[in-house]
>>> print(open('query.cif').read())   # mmCIF, C-alpha atoms and all ligand atoms
data_target
loop_
_atom_site.label_atom_id
_atom_site.label_comp_id
_atom_site.auth_asym_id
_atom_site.auth_seq_id
_atom_site.Cartn_x
_atom_site.Cartn_y
_atom_site.Cartn_z
CA MET A 1 26.79 63.39 54.16
CA ALA A 2 23.29 62.76 52.78
CA TYR A 3 22.20 59.14 52.59
CA GLU A 4 19.00 57.70 51.15
CA LEU A 5 18.17 54.17 52.26
CA PHE A 6 15.53 52.28 50.29
CA ILE A 7 13.85 49.73 52.54
CA GLY A 8 11.04 47.19 52.22
CA ASP A 9 8.04 46.55 54.48
CA ARG A 10 9.42 46.71 57.97
CA ALA A 11 7.40 43.76 59.27
CA TYR A 12 8.89 41.37 56.71
CA SER A 13 12.10 42.75 55.22
CA SER A 14 14.85 41.29 57.36
CA TRP A 15 17.63 42.65 55.13
CA SER A 16 16.13 46.13 55.34
CA LEU A 17 16.16 45.88 59.13
CA ARG A 18 19.91 45.22 58.93
CA GLY A 19 20.47 48.17 56.60
CA TRP A 20 18.48 50.53 58.82
CA LEU A 21 20.10 49.40 62.09
CA LEU A 22 23.48 50.27 60.58
CA PHE A 23 22.31 53.88 60.60
CA ASP A 24 20.04 54.08 63.65
CA ARG A 25 22.29 52.11 66.00
CA PHE A 26 25.45 54.02 65.10
CA GLY A 27 23.97 57.51 65.01
CA ILE A 28 24.33 58.12 61.26
CA ALA A 29 21.61 60.31 59.75
CA VAL A 30 19.64 58.82 56.85
CA THR A 31 16.47 59.48 54.87
CA THR A 32 14.46 56.28 54.38
CA ARG A 33 12.41 55.59 51.25
CA LEU A 34 9.83 52.84 51.60
CA VAL A 35 9.35 50.27 48.85
CA ASP A 36 5.89 48.79 49.37
CA PHE A 37 5.96 44.99 48.87
CA ASP A 38 2.24 45.20 48.07
CA LYS A 39 2.84 47.42 45.00
CA GLY A 40 4.61 45.04 42.64
CA PRO A 41 8.14 43.71 42.20
CA VAL A 42 10.86 45.40 44.19
CA ALA A 43 13.13 45.54 41.14
CA ASP A 44 10.48 47.53 39.22
CA GLN A 45 10.05 49.97 42.07
CA LEU A 46 13.84 50.42 42.21
CA SER A 47 14.25 50.89 38.45
CA GLU A 48 15.78 54.37 38.92
CA LEU A 49 18.49 52.65 41.02
CA ALA A 50 19.35 49.89 38.53
CA PRO A 51 21.35 47.67 38.64
CA ALA A 52 20.21 47.59 42.28
CA ARG A 53 17.10 45.45 42.51
CA THR A 54 16.71 44.53 46.18
CA VAL A 55 16.20 46.29 49.49
CA PRO A 56 18.04 47.61 51.32
CA THR A 57 19.77 49.78 48.75
CA LEU A 58 21.77 52.79 49.84
CA ARG A 59 22.25 55.80 47.57
CA THR A 60 25.06 58.08 48.74
CA ALA A 61 25.44 61.79 48.00
CA ASP A 62 28.24 60.95 45.56
CA GLY A 63 25.87 58.70 43.63
CA ALA A 64 27.10 55.27 44.73
CA LEU A 65 24.44 52.55 44.79
CA ILE A 66 25.11 49.93 47.47
CA SER A 67 22.65 47.06 47.31
CA GLU A 68 24.25 44.44 49.55
CA SER A 69 23.80 44.89 53.29
CA LEU A 70 27.32 43.69 54.07
CA ALA A 71 28.72 46.24 51.62
CA ILE A 72 26.59 48.93 53.31
CA ALA A 73 28.20 47.99 56.63
CA GLU A 74 31.71 48.12 55.19
CA GLU A 75 31.18 51.37 53.29
CA LEU A 76 29.65 53.11 56.32
CA ALA A 77 32.51 51.84 58.48
CA SER A 78 34.99 53.36 55.99
CA ARG A 79 33.14 56.65 55.75
CA HIS A 80 32.45 56.87 59.53
CA PRO A 81 35.49 55.29 61.18
CA ASP A 82 34.54 56.59 64.63
CA ALA A 83 30.96 55.29 64.61
CA GLY A 84 31.92 51.90 66.09
CA ILE A 85 30.27 49.80 63.38
CA TRP A 86 32.96 47.14 63.77
CA PRO A 87 34.79 46.53 67.07
CA ALA A 88 38.00 48.56 67.42
CA GLU A 89 39.98 45.62 68.83
CA GLN A 90 41.51 43.60 66.01
CA ARG A 91 40.51 40.09 67.08
CA ALA A 92 36.97 41.12 67.99
CA ARG A 93 36.67 42.93 64.66
CA ALA A 94 37.82 39.86 62.74
CA THR A 95 35.30 37.69 64.60
CA ALA A 96 32.48 40.20 64.05
CA ARG A 97 33.25 40.31 60.33
CA THR A 98 33.30 36.51 60.15
CA LEU A 99 29.91 36.19 61.85
CA ALA A 100 28.31 38.88 59.69
CA ALA A 101 29.71 37.32 56.51
CA GLU A 102 28.44 33.86 57.46
CA MET A 103 24.98 35.27 58.07
CA HIS A 104 25.04 37.19 54.81
CA ALA A 105 25.96 34.08 52.84
CA GLY A 106 24.10 31.36 54.68
CA PHE A 107 21.36 29.94 56.85
CA SER A 108 19.09 29.52 53.86
CA ALA A 109 16.78 26.96 55.55
CA LEU A 110 16.09 29.29 58.46
CA ARG A 111 15.51 32.20 56.11
CA ALA A 112 13.21 30.26 53.78
CA GLU A 113 11.21 28.30 56.34
CA CYS A 114 10.86 30.97 59.02
CA PRO A 115 10.32 34.29 57.24
CA MET A 116 10.52 37.25 59.58
CA ASP A 117 7.17 38.69 60.62
CA LEU A 118 7.45 41.30 63.35
CA ARG A 119 3.67 41.49 63.78
CA ARG A 120 3.25 37.88 64.89
CA CYS A 121 4.64 35.31 67.30
CA TYR A 122 3.76 31.77 66.32
CA VAL A 123 3.17 28.68 68.45
CA GLY A 124 3.15 25.11 67.17
CA HIS A 125 5.96 25.49 64.62
CA HIS A 126 8.29 22.48 64.51
CA PRO A 127 11.68 23.16 62.91
CA THR A 128 12.81 20.84 60.12
CA ASP A 129 16.19 19.16 60.40
CA ALA A 130 17.63 21.80 58.08
CA VAL A 131 16.39 24.64 60.29
CA ALA A 132 17.62 22.85 63.41
CA ALA A 133 21.06 22.49 61.77
CA ASP A 134 21.13 26.21 60.96
CA ILE A 135 20.21 27.05 64.55
CA ALA A 136 22.86 24.68 65.90
CA ARG A 137 25.51 26.35 63.73
CA ILE A 138 24.32 29.81 64.80
CA GLU A 139 24.55 28.81 68.46
CA THR A 140 28.09 27.50 67.88
CA ILE A 141 29.35 30.74 66.34
CA TRP A 142 27.50 32.95 68.85
CA ASP A 143 29.07 30.98 71.68
CA HIS A 144 32.53 31.21 70.12
CA ALA A 145 32.20 34.97 69.66
CA ARG A 146 31.00 35.56 73.20
CA ARG A 147 33.69 33.33 74.74
CA THR A 148 36.56 34.80 72.75
CA CYS A 149 35.63 38.47 72.45
CA GLY A 150 32.28 39.16 74.16
CA GLY A 151 32.32 41.83 76.86
CA ASP A 152 30.30 42.32 80.02
CA GLY A 153 27.15 43.15 78.06
CA PRO A 154 24.90 40.89 76.00
CA TRP A 155 26.44 41.44 72.56
CA LEU A 156 28.55 39.06 70.49
CA CYS A 157 31.88 40.84 70.22
CA GLY A 158 31.96 43.39 73.03
CA ASP A 159 29.91 46.52 72.38
CA TYR A 160 26.98 46.29 69.95
CA SER A 161 28.49 46.00 66.46
CA ALA A 162 27.56 45.12 62.90
CA ALA A 163 27.75 41.45 63.92
CA ASP A 164 24.74 42.06 66.16
CA VAL A 165 23.00 43.99 63.38
CA PHE A 166 23.29 40.94 61.14
CA TYR A 167 21.78 38.63 63.76
CA ALA A 168 18.92 40.93 64.83
CA PRO A 169 16.51 39.33 62.30
CA VAL A 170 17.72 35.86 63.38
CA ALA A 171 16.78 36.80 66.94
CA ALA A 172 13.38 37.95 65.66
CA ARG A 173 12.87 34.57 63.94
CA ILE A 174 13.90 32.56 67.00
CA ALA A 175 11.45 34.61 69.06
CA GLY A 176 8.71 34.69 66.45
CA TYR A 177 8.71 30.94 65.80
CA GLY A 178 9.58 29.84 69.34
CA LEU A 179 12.65 28.01 68.02
CA PRO A 180 14.34 25.90 70.71
CA VAL A 181 17.70 27.35 71.76
CA SER A 182 20.01 27.29 74.80
CA ASP A 183 19.59 29.69 77.71
CA ALA A 184 22.59 31.70 76.52
CA ALA A 185 21.13 32.10 73.03
CA ARG A 186 17.73 32.95 74.51
CA ALA A 187 19.34 35.71 76.57
CA TYR A 188 20.98 37.10 73.42
CA VAL A 189 17.63 37.00 71.60
CA GLY A 190 16.07 38.83 74.56
CA ALA A 191 18.72 41.56 74.29
CA HIS A 192 17.68 42.19 70.69
CA LEU A 193 13.97 42.27 71.53
CA ALA A 194 14.69 44.82 74.27
CA ASP A 195 17.11 46.88 72.19
CA PRO A 196 15.71 50.39 71.54
CA GLY A 197 16.83 50.42 67.89
CA PHE A 198 15.14 47.09 67.19
CA ARG A 199 12.04 48.30 69.07
CA ARG A 200 11.86 51.51 67.03
CA TRP A 201 11.90 49.52 63.80
CA ARG A 202 9.28 47.09 65.12
CA ALA A 203 7.07 49.96 66.35
CA MET A 204 7.08 51.35 62.80
CA ALA A 205 6.41 47.85 61.41
CA LEU A 206 3.33 47.57 63.61
CA VAL A 207 1.71 50.73 62.29
CA GLN A 208 2.66 50.97 58.62
CA GLY A 209 2.10 48.51 55.77
CA ALA A 210 -0.49 45.88 54.95
CA ASP A 211 -0.54 42.33 56.28
CA LEU A 212 0.68 40.35 53.27
CA ALA A 213 -0.92 36.96 52.72
CA ARG A 214 2.23 35.48 51.21
CA TYR A 215 4.02 35.72 54.55
CA ALA A 216 1.18 34.20 56.61
CA GLN A 217 2.04 30.93 58.37
CA PRO A 218 -0.43 28.19 59.34
CA TYR A 219 0.22 28.37 63.08
CA ALA A 220 -1.61 29.78 66.08
CA THR A 221 -0.23 33.00 67.49
CA THR A 222 0.65 34.30 70.92
CA ALA A 223 1.83 37.59 72.39
CA TRP A 224 5.16 39.02 71.19
CA PRO A 225 7.80 37.97 73.76
CA GLY A 226 9.56 41.36 73.94
CA PRO A 227 9.21 43.94 76.69
CA GLU A 228 5.65 45.01 77.48
CA PRO A 229 5.22 48.49 75.95
CA LEU A 230 4.10 51.42 78.03
CA GLN A 231 0.37 51.85 77.43
CA ALA A 232 -0.50 54.61 74.95
CA ALA A 233 -3.21 55.14 72.33
CA PRO A 234 -4.05 57.66 69.61
CA VAL A 235 -6.80 60.15 70.49
CA GLU A 236 -8.81 62.41 68.22
CA ALA A 237 -8.00 65.77 69.72
CA GLY A 238 -5.76 67.80 72.03
CA PRO A 239 -4.88 70.01 73.66
CA SER A 240 -1.50 68.44 74.34
CA GLU A 241 1.14 69.25 76.92
CA ASN A 242 3.64 69.95 74.14
CA ALA A 243 3.05 72.52 71.41
CA ALA A 244 5.93 71.28 69.23
CA CYS A 245 6.38 67.76 67.83
CA PRO A 246 9.17 65.96 69.72
CA TYR A 247 10.66 64.78 66.42
CA SER A 248 10.35 67.69 64.00
CA GLY A 249 9.72 70.69 66.25
CA ARG A 250 6.73 71.62 64.07
CA PRO A 251 3.30 72.52 65.54
CA VAL A 252 1.33 69.47 66.71
CA THR A 253 -1.70 68.19 64.78
CA HIS A 254 -2.05 64.54 65.95
CA PHE A 255 -2.45 63.36 69.52
CA LEU A 256 -1.95 60.38 71.81
CA SER A 257 -2.85 59.63 75.39
CA ALA A 258 -0.34 57.99 77.76
CA GLY A 259 -0.44 57.84 81.56
CA GLY A 260 -3.60 59.97 81.58
CA ARG A 261 -1.79 62.78 79.72
CA THR A 262 -2.04 63.99 76.12
CA PHE A 263 0.93 64.52 73.81
CA GLY A 264 1.08 65.92 70.30
CA PHE A 265 2.93 65.12 67.05
CA CYS A 266 3.07 66.71 63.61
CA ASN A 267 1.79 63.70 61.65
CA ALA A 268 -0.12 60.44 62.11
CA PHE A 269 2.83 58.11 61.47
CA CYS A 270 5.00 59.66 64.17
CA ARG A 271 2.05 59.62 66.59
CA ASP A 272 1.29 55.96 65.79
CA LYS A 273 4.88 54.67 65.95
CA THR A 274 5.17 56.33 69.35
CA ALA A 275 1.89 54.81 70.57
CA ALA A 276 3.16 51.35 69.55
CA ASP A 277 6.18 51.49 71.89
CA PRO A 278 6.64 54.87 73.59
CA ALA A 279 9.76 53.94 75.56
CA ALA A 280 11.68 53.20 72.36
CA TRP A 281 11.65 56.88 71.36
CA PRO A 282 14.05 59.05 73.41
CA ALA A 283 12.68 62.34 72.04
CA PHE A 284 9.18 61.40 73.20
CA MET A 285 10.39 60.06 76.56
CA GLY A 286 12.16 63.38 77.06
CA ILE A 287 8.82 65.15 77.26
CA TYR A 288 6.96 62.22 78.91
CA GLN A 289 9.40 62.14 81.79
CA SER A 290 9.64 65.92 82.20
N1 LIG B 301 22.00 40.12 49.62
C1 LIG B 301 21.04 41.18 49.80
C2 LIG B 301 19.67 40.57 50.00
C3 LIG B 301 18.57 41.57 49.87
C4 LIG B 301 17.21 40.93 49.65
O1 LIG B 301 17.10 39.76 49.22
N2 LIG B 301 16.16 41.70 49.94
C5 LIG B 301 14.82 41.24 49.70
C6 LIG B 301 13.86 41.77 50.72
S1 LIG B 301 14.27 41.31 52.38
C7 LIG B 301 14.37 41.77 48.36
O2 LIG B 301 14.57 42.93 48.05
N3 LIG B 301 13.79 40.92 47.53
C8 LIG B 301 13.37 41.32 46.21
C9 LIG B 301 12.06 40.80 45.83
O3 LIG B 301 11.39 40.24 46.72
O4 LIG B 301 11.68 40.98 44.68
C10 LIG B 301 21.47 42.05 50.99
O5 LIG B 301 22.44 41.73 51.65
O6 LIG B 301 20.89 43.10 51.24
#
>>> encode(input="query.cif", output="structure tokens")
Amino acid sequence: MAYELFIGDRAYSSWSLRGWLLFDRFGIAVTTRLVDFDKGPVADQLSELAPARTVPTLRTADGALISESLAIAEELASRHPDAGIWPAEQRARATARTLAAEMHAGFSALRAECPMDLRRCYVGHHPTDAVAADIARIETIWDHARRTCGGDGPWLCGDYSAADVFYAPVAARIAGYGLPVSDAARAYVGAHLADPGFRRWRAMALVQGADLARYAQPYATTAWPGPEPLQAAPVEAGPSENAACPYSGRPVTHFLSAGGRTFGFCNAFCRDKTAADPAAWPAFMGIYQS
């Protein structure tokens, strides 16, 4: 099945992150089309997809246009029943759906006052009462999910599910604004920051797209609190250990240095997203660890 997912700037578009994780995290192939927030209104850029007017929007091979992230989750779960998008166990599935729906419909203070920015981690932000109330509610429903249907791992309803997809950008906001939360919630946030799917998206956010002034916040910044990436940097020239790009299999034209070794890729974006967080990319780590 061919899917096209229209997404916004990865650093800022929290809904797009949800849409994309629904593919990446559940192994469903998709072609992404980037809508540049710096190039005018999203609705104008999506005019060929009207009445869709926001990102993410999914266009399916049969021509359906799905422009609500919760509907994308449900439609993919129907079309790919074995992908594990929702928990298989009935009670866990009901809880996961409830949490995702509450996120989709709510937490407007958190969303408005703490816009996601995956390129920055702020210090000195003090949550308003409305944001604190959103966080308190989020902690309550996270705790309920983990107590009633969480498994041995860090996720809300057993294995990673669409419920976790919907709270990945919340985790990014808690981390990015240093919002005060319990130890249990902090551990859940840490699981998202360390999650390879989340890290792949953030690596792409770090290397593509302009810094947009309208998202800038008046706070000092500090280092991103996620795992320290393996050191790597673009270099001008090869030769590289690998002749074929780890992602496309095409001949290499762009190079990076990591661990004193040189590796090649078939374009600058794939080289740069790898340099931003090498360990997030299994195809690269396959050659790095060989
Ligand atoms: N309810 C939608 C929300 C989508 C949404 O608001 N996306 C934002 C970007 S994160 C957008 O496209 N805004 C349009 C604009 O800024 O003009 C969903 O679930 O996907």
>>> residues_near_ligand(input="query.cif", ligand="ligand LIG 301 (chain B)", cutoff="9 Å", atoms="only C-alpha atoms and all ligand atoms", output="MDAnalysis selection string")
chainID A and resid 7:9 12:19 37 40:44 53:57 66:72 104:105
>>> residues_around(input="query.cif", residues="Arg93 in chain A", least_positions_apart="3", cutoff="12 Å", atoms="all atoms listed in the file", output="VMD selection string")
chain A and resid 74 77 84 to 90 96 to 100 145 148 to 150 156 to 163
>>> residues_around(input="query.cif", residues="Thr128 in chain A", least_positions_apart="4", cutoff="9 Å", atoms="all atoms listed in the file", output="PyMOL selection string")
chain A and resi 109+113+132-133
>>> atom_distance(input="query.cif", atom1="CA of Gly226 in chain A", atom2="CA of Phe284 in chain A")
20.1 Å
>>> closest_residue(input="query.cif", among="A:Ala2, A:Leu65, A:Pro251, A:Phe166", to="Glu102 in chain A", atoms="all atoms listed in the file")
A:Phe166
>>> closest_residue(input="query.cif", among="A:Thr253, A:Asn242, A:Thr140, A:Thr262", to="Gly286 in chain A", atoms="all atoms listed in the file")
A:Asn242
>>> atom_distance(input="query.cif", atom1="CA of Ala83 in chain A", atom2="CA of Leu21 in chain A")
12.6 Å
>>> closest_atom_pairs(input="query.cif", of="range 112-201 of chain A", to="range 280-283 of chain A", cutoff="6 Å", atoms="only C-alpha atoms", output="tab-separated table")
residue	atom	partner	partner_atom	distance
A:Pro196	CA	A:Ala280	CA	5.0
A:Arg199	CA	A:Ala280	CA	5.9
A:Arg200	CA	A:Ala280	CA	5.6
>>> residues_around(input="query.cif", residues="range 180-192 of chain A", least_positions_apart="4", cutoff="10 Å", atoms="all atoms listed in the file", output="PyMOL selection string")
chain A and resi 126-127+132+135-136+138-140+142-143+146+153-156+164-165+167-175+196-199+225-227
>>> residues_around(input="query.cif", residues="Ala276 in chain A", least_positions_apart="4", cutoff="8 Å", atoms="all atoms listed in the file", output="JSON, numbers by chain")
{"A": [203, 204, 206, 207, 229, 232, 233, 272]}
>>> atom_distance(input="query.cif", atom1="CA of Glu241 in chain A", atom2="CA of Ala194 in chain A")
28.1 Å
>>> closest_residue(input="query.cif", among="A:Val235, A:Leu110, A:Leu118, A:Cys245", to="Gly260 in chain A", atoms="all atoms listed in the file")
A:Val235
>>> closest_residue(input="query.cif", among="A:Asp117, A:Glu75, A:Glu4, A:Glu48", to="Gln217 in chain A", atoms="all atoms listed in the file")
A:Asp117
>>> closest_residue(input="query.cif", among="A:Ala50, A:Ala112, A:Ala130, A:Ala210", to="Asp38 in chain A", atoms="only C-alpha atoms")
A:Ala210
>>> build_atoms(input="query.cif", residues="range 172-190 of chain A", atoms="N, CA and C atoms", output="compact mmCIF listing (two decimals), in the frame of the given file")
# COMPACT_ATOMS: atom_id res chain seq x y z
N ALA A 172 14.83 37.76 65.86
CA ALA A 172 13.38 37.95 65.66
C ALA A 172 12.73 36.64 65.21
N ARG A 173 13.42 35.86 64.39
CA ARG A 173 12.87 34.57 63.94
C ARG A 173 12.83 33.56 65.08
N ILE A 174 13.90 33.49 65.87
CA ILE A 174 13.90 32.56 67.00
C ILE A 174 12.75 32.89 67.94
N ALA A 175 12.56 34.20 68.19
CA ALA A 175 11.45 34.61 69.06
C ALA A 175 10.11 34.36 68.39
N GLY A 176 10.00 34.72 67.13
CA GLY A 176 8.71 34.69 66.45
C GLY A 176 8.20 33.30 66.13
N TYR A 177 9.12 32.33 66.07
CA TYR A 177 8.71 30.94 65.80
C TYR A 177 8.94 30.05 67.01
N GLY A 178 9.33 30.63 68.13
CA GLY A 178 9.58 29.84 69.34
C GLY A 178 10.59 28.74 69.11
N LEU A 179 11.67 29.05 68.35
CA LEU A 179 12.65 28.01 68.02
C LEU A 179 13.43 27.63 69.29
N PRO A 180 13.65 26.33 69.48
CA PRO A 180 14.34 25.90 70.71
C PRO A 180 15.83 26.24 70.67
N VAL A 181 16.28 26.99 71.67
CA VAL A 181 17.70 27.35 71.76
C VAL A 181 18.14 27.27 73.23
N SER A 182 19.45 27.34 73.44
CA SER A 182 20.01 27.29 74.80
C SER A 182 19.63 28.55 75.57
N ASP A 183 19.86 28.51 76.88
CA ASP A 183 19.59 29.69 77.71
C ASP A 183 20.44 30.88 77.28
N ALA A 184 21.70 30.60 76.92
CA ALA A 184 22.59 31.70 76.52
C ALA A 184 22.07 32.36 75.23
N ALA A 185 21.65 31.53 74.28
CA ALA A 185 21.13 32.10 73.03
C ALA A 185 19.81 32.84 73.30
N ARG A 186 19.01 32.29 74.20
CA ARG A 186 17.73 32.95 74.51
C ARG A 186 17.99 34.33 75.14
N ALA A 187 19.01 34.41 75.97
CA ALA A 187 19.34 35.71 76.57
C ALA A 187 19.78 36.70 75.49
N TYR A 188 20.53 36.22 74.51
CA TYR A 188 20.98 37.10 73.42
C TYR A 188 19.78 37.56 72.58
N VAL A 189 18.86 36.64 72.32
CA VAL A 189 17.63 37.00 71.60
C VAL A 189 16.87 38.07 72.40
N GLY A 190 16.78 37.86 73.71
CA GLY A 190 16.07 38.83 74.56
C GLY A 190 16.71 40.21 74.49
